[in-house]
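To start, the structure itself, in structure tokens.
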Amino acid sequence: MNIEIHERGEIRIAELTADHLLVTTAESGLQLLVDCYYQNFDGIILHEEHISDDFFDLKTGLAGEILQKFSNFRVRLVIVGSFDKYPGKSIRDFIIESNQGRLINFLSSITEAKERLFT
């Protein structure tokens with residue numbers, strides 16, 4: 001796993017990349033969160049291609065489990081990617097609802113992600 005650090009003022013953002021999936025289970029999602037939390041990052045950018053497709057199938061409960069942990073720790077998360085490939089009204093509604101808040105967002109570019117996390 002690689003961490004690219006984006007900083008503006010006091011805000012530190014970790015952009016995580018790898019050549020493999022980083023989030024496949026609730027435990028792996030929690031481990032990423034904890035690792036970044038204890039390195040004093042205020043937010044995390046994850047690329048959609050580093051997350052298991054199960055995350056985007058809301059019936060598995062994986063997204064809910066992981067995102068609840070981010071909420072509990074109050075660490076902001078932006079998932080960057082193209083989400084049109086995930087069928088279903090429930091995932092589309094979930095993304096729209098998440099994007100109305102500030103804690104969890106699904107955006108299409110790193111530029112958008114940094115703008116959102118630095119505000």
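Residues in the structure tokens are numbered from 1 in each chain, the chains being A, B, ... in the order shown, and ligands are numbered from 1 in the order shown.
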Just list the residues in chain A DSSP gives alpha helix (DSSP H) on the backbone, as a ChimeraX atom specification. /A:26-37,62-73,89-99,110-117
Using only C-alpha atoms, which protein or nucleic acid residues come within 12 Å of A:Asp54? Drop anything in the same chain fewer than 4 positions from it, and give the result as a PyMOL selection string. chain A and resi 21+23-26+48-50+58-66+86+91
Take the residues just selected and output them with all heavy atoms as a compact mmCIF listing (two decimals), in the first residue's frame.
```
# COMPACT_ATOMS: atom_id res chain seq x y z
N LEU A 21 -6.56 -5.13 -4.02
CA LEU A 21 -7.70 -4.62 -3.27
C LEU A 21 -7.25 -4.28 -1.85
O LEU A 21 -6.56 -5.06 -1.21
CB LEU A 21 -8.82 -5.66 -3.21
CG LEU A 21 -9.56 -5.97 -4.51
CD1 LEU A 21 -10.58 -7.08 -4.28
CD2 LEU A 21 -10.23 -4.73 -5.06
N VAL A 23 -9.70 -3.00 0.44
CA VAL A 23 -10.86 -3.25 1.30
C VAL A 23 -11.64 -4.44 0.73
O VAL A 23 -12.24 -4.35 -0.33
CB VAL A 23 -11.77 -2.01 1.38
CG1 VAL A 23 -13.01 -2.30 2.22
CG2 VAL A 23 -11.02 -0.81 1.94
N THR A 24 -11.58 -5.54 1.48
CA THR A 24 -12.31 -6.74 1.07
C THR A 24 -13.26 -7.22 2.16
O THR A 24 -14.20 -7.95 1.89
CB THR A 24 -11.33 -7.89 0.74
OG1 THR A 24 -10.49 -8.12 1.87
CG2 THR A 24 -10.49 -7.55 -0.48
N THR A 25 -13.01 -6.80 3.39
CA THR A 25 -13.83 -7.18 4.54
C THR A 25 -13.98 -5.97 5.45
O THR A 25 -13.26 -4.97 5.30
CB THR A 25 -13.15 -8.30 5.36
OG1 THR A 25 -11.92 -7.77 5.90
CG2 THR A 25 -12.86 -9.53 4.52
N ALA A 26 -14.89 -6.07 6.40
CA ALA A 26 -15.05 -5.00 7.38
C ALA A 26 -13.75 -4.82 8.17
O ALA A 26 -13.36 -3.68 8.49
CB ALA A 26 -16.21 -5.31 8.32
N GLU A 48 -12.00 3.57 -5.97
CA GLU A 48 -13.04 2.55 -6.09
C GLU A 48 -12.46 1.20 -6.53
O GLU A 48 -12.89 0.15 -6.06
CB GLU A 48 -14.12 3.07 -7.04
CG GLU A 48 -15.13 2.07 -7.47
CD GLU A 48 -14.84 1.52 -8.85
OE1 GLU A 48 -14.16 2.19 -9.65
OE2 GLU A 48 -15.27 0.39 -9.11
N GLU A 49 -11.46 1.21 -7.39
CA GLU A 49 -10.90 -0.06 -7.87
C GLU A 49 -10.13 -0.82 -6.80
O GLU A 49 -9.77 -1.98 -7.00
CB GLU A 49 -10.03 0.15 -9.11
CG GLU A 49 -8.75 0.91 -8.85
CD GLU A 49 -8.84 2.40 -9.19
OE1 GLU A 49 -9.96 2.92 -9.32
OE2 GLU A 49 -7.78 3.03 -9.30
N HIS A 50 -9.88 -0.20 -5.66
CA HIS A 50 -9.19 -0.87 -4.56
C HIS A 50 -10.16 -1.41 -3.51
O HIS A 50 -9.74 -1.82 -2.43
CB HIS A 50 -8.19 0.08 -3.89
CG HIS A 50 -7.11 0.51 -4.82
ND1 HIS A 50 -6.80 1.82 -5.03
CD2 HIS A 50 -6.28 -0.20 -5.62
CE1 HIS A 50 -5.82 1.91 -5.92
NE2 HIS A 50 -5.50 0.69 -6.29
N LEU A 58 -25.16 -3.48 -1.57
CA LEU A 58 -25.58 -3.11 -0.21
C LEU A 58 -26.18 -4.28 0.56
O LEU A 58 -26.18 -4.25 1.80
CB LEU A 58 -26.57 -1.94 -0.26
CG LEU A 58 -25.99 -0.64 -0.84
CD1 LEU A 58 -27.04 0.46 -0.79
CD2 LEU A 58 -24.73 -0.21 -0.12
N LYS A 59 -26.63 -5.31 -0.12
CA LYS A 59 -27.19 -6.48 0.57
C LYS A 59 -26.14 -7.21 1.41
O LYS A 59 -26.49 -7.89 2.37
CB LYS A 59 -27.81 -7.46 -0.44
CG LYS A 59 -29.09 -6.95 -1.07
CD LYS A 59 -29.65 -7.96 -2.02
CE LYS A 59 -28.92 -7.81 -3.33
NZ LYS A 59 -29.39 -8.68 -4.39
N THR A 60 -24.87 -7.05 1.08
CA THR A 60 -23.82 -7.73 1.86
C THR A 60 -23.61 -7.08 3.21
O THR A 60 -23.07 -7.71 4.12
CB THR A 60 -22.46 -7.72 1.11
OG1 THR A 60 -21.97 -6.38 1.05
CG2 THR A 60 -22.59 -8.33 -0.28
N GLY A 61 -23.98 -5.81 3.35
CA GLY A 61 -23.78 -5.10 4.60
C GLY A 61 -22.38 -4.57 4.80
O GLY A 61 -22.09 -3.89 5.79
N LEU A 62 -21.48 -4.85 3.87
CA LEU A 62 -20.08 -4.44 4.01
C LEU A 62 -19.94 -2.92 4.05
O LEU A 62 -19.24 -2.38 4.92
CB LEU A 62 -19.23 -5.03 2.88
CG LEU A 62 -17.74 -4.76 2.93
CD1 LEU A 62 -17.12 -5.28 4.22
CD2 LEU A 62 -17.04 -5.39 1.72
N ALA A 63 -20.61 -2.23 3.15
CA ALA A 63 -20.52 -0.76 3.13
C ALA A 63 -21.02 -0.18 4.44
O ALA A 63 -20.37 0.69 5.04
CB ALA A 63 -21.30 -0.19 1.96
N GLY A 64 -22.15 -0.64 4.90
CA GLY A 64 -22.71 -0.13 6.15
C GLY A 64 -21.78 -0.34 7.34
O GLY A 64 -21.60 0.55 8.16
N GLU A 65 -21.20 -1.53 7.41
CA GLU A 65 -20.28 -1.83 8.51
C GLU A 65 -19.06 -0.93 8.50
O GLU A 65 -18.66 -0.37 9.53
CB GLU A 65 -19.81 -3.29 8.38
CG GLU A 65 -20.26 -4.19 9.49
CD GLU A 65 -19.63 -5.56 9.36
OE1 GLU A 65 -20.03 -6.31 8.45
OE2 GLU A 65 -18.73 -5.87 10.17
N ILE A 66 -18.46 -0.78 7.34
CA ILE A 66 -17.24 0.03 7.23
C ILE A 66 -17.55 1.51 7.45
O ILE A 66 -16.85 2.20 8.21
CB ILE A 66 -16.56 -0.20 5.87
CG1 ILE A 66 -15.99 -1.62 5.81
CG2 ILE A 66 -15.46 0.84 5.63
CD1 ILE A 66 -15.47 -2.03 4.45
N TYR A 86 -22.32 0.02 -11.15
CA TYR A 86 -22.99 -0.73 -10.10
C TYR A 86 -24.49 -0.55 -10.25
O TYR A 86 -25.02 0.52 -10.04
CB TYR A 86 -22.51 -0.27 -8.71
CG TYR A 86 -21.03 -0.46 -8.56
CD1 TYR A 86 -20.16 0.62 -8.61
CD2 TYR A 86 -20.50 -1.73 -8.40
CE1 TYR A 86 -18.79 0.44 -8.49
CE2 TYR A 86 -19.12 -1.92 -8.28
CZ TYR A 86 -18.28 -0.83 -8.32
OH TYR A 86 -16.94 -1.02 -8.21
N ILE A 91 -28.06 1.38 -4.42
CA ILE A 91 -26.69 1.91 -4.37
C ILE A 91 -26.65 3.33 -4.90
O ILE A 91 -25.95 4.19 -4.37
CB ILE A 91 -25.66 0.99 -5.07
CG1 ILE A 91 -24.22 1.47 -4.83
CG2 ILE A 91 -25.93 0.89 -6.55
CD1 ILE A 91 -23.74 1.43 -3.42
```
Who sits within 8 Å of A:Ile104, only C-alpha atoms, same chain under 6 positions skipped, as a PyMOL selection string: chain A and resi 67+76-79+98
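Of the listed residues (A:Phe41, A:Arg102, A:Phe94, A:Cys36), A:Phe41 comes nearest to A:Glu10; the distances count only C-alpha atoms.
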What lies within 6 Å of stretch 71-75 of chain A using only C-alpha atoms, ignoring chain neighbours under 2 positions off, as a list in words? Asp42, Gly43, Gln68 and Lys69 of chain A
Residue selection dump (N, CA and C atoms) as a short mmCIF file (atom, residue, chain, number, x, y, z; two decimals), in the first residue's frame:
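Saved file result05.cif follows:
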```cif
data_model
loop_
_atom_site.label_atom_id
_atom_site.label_comp_id
_atom_site.auth_asym_id
_atom_site.auth_seq_id
_atom_site.Cartn_x
_atom_site.Cartn_y
_atom_site.Cartn_z
N ASP A 42 -6.83 13.53 8.75
CA ASP A 42 -8.20 14.02 8.94
C ASP A 42 -9.17 13.40 7.95
N GLY A 43 -8.65 12.88 6.86
CA GLY A 43 -9.50 12.28 5.84
C GLY A 43 -8.72 11.28 5.03
N GLN A 68 -19.95 2.90 9.03
CA GLN A 68 -20.30 3.18 10.43
C GLN A 68 -19.04 3.41 11.26
N LYS A 69 -18.00 2.65 10.98
CA LYS A 69 -16.74 2.83 11.72
C LYS A 69 -16.12 4.19 11.41
#
```
Near-stretch 1-9 of chain A list (9 Å; only C-alpha atoms; drop same-chain fewer than 5 positions) as a PyMOL selection string: chain A and resi 14-20+22+41+114+118
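Nearest residue to A:Gly29 among A:Ile51, A:Ile11, A:Pro87, A:Leu103 is A:Ile51, counting only C-alpha atoms.
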If you run DSSP on this backbone, which residues of chain A come out as strand (DSSP E or B), and could you give them as number ranges by chain? A: 2-8, 11-17, 23, 43-47, 51, 76-80, 104-107
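Comparing A:Val80, A:Ile13, A:Leu107, A:Leu117 by their smallest distance to A:Gln39, the closest is A:Ile13 (using only C-alpha atoms).
Taking atom CA of A:Glu115 and atom CA of A:Glu27 as the two end points, the separation is 28.6 Å.
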What gap, in Å, lies between atom CA of A:Leu46 and atom CA of A:Asp93? 20.1 Å
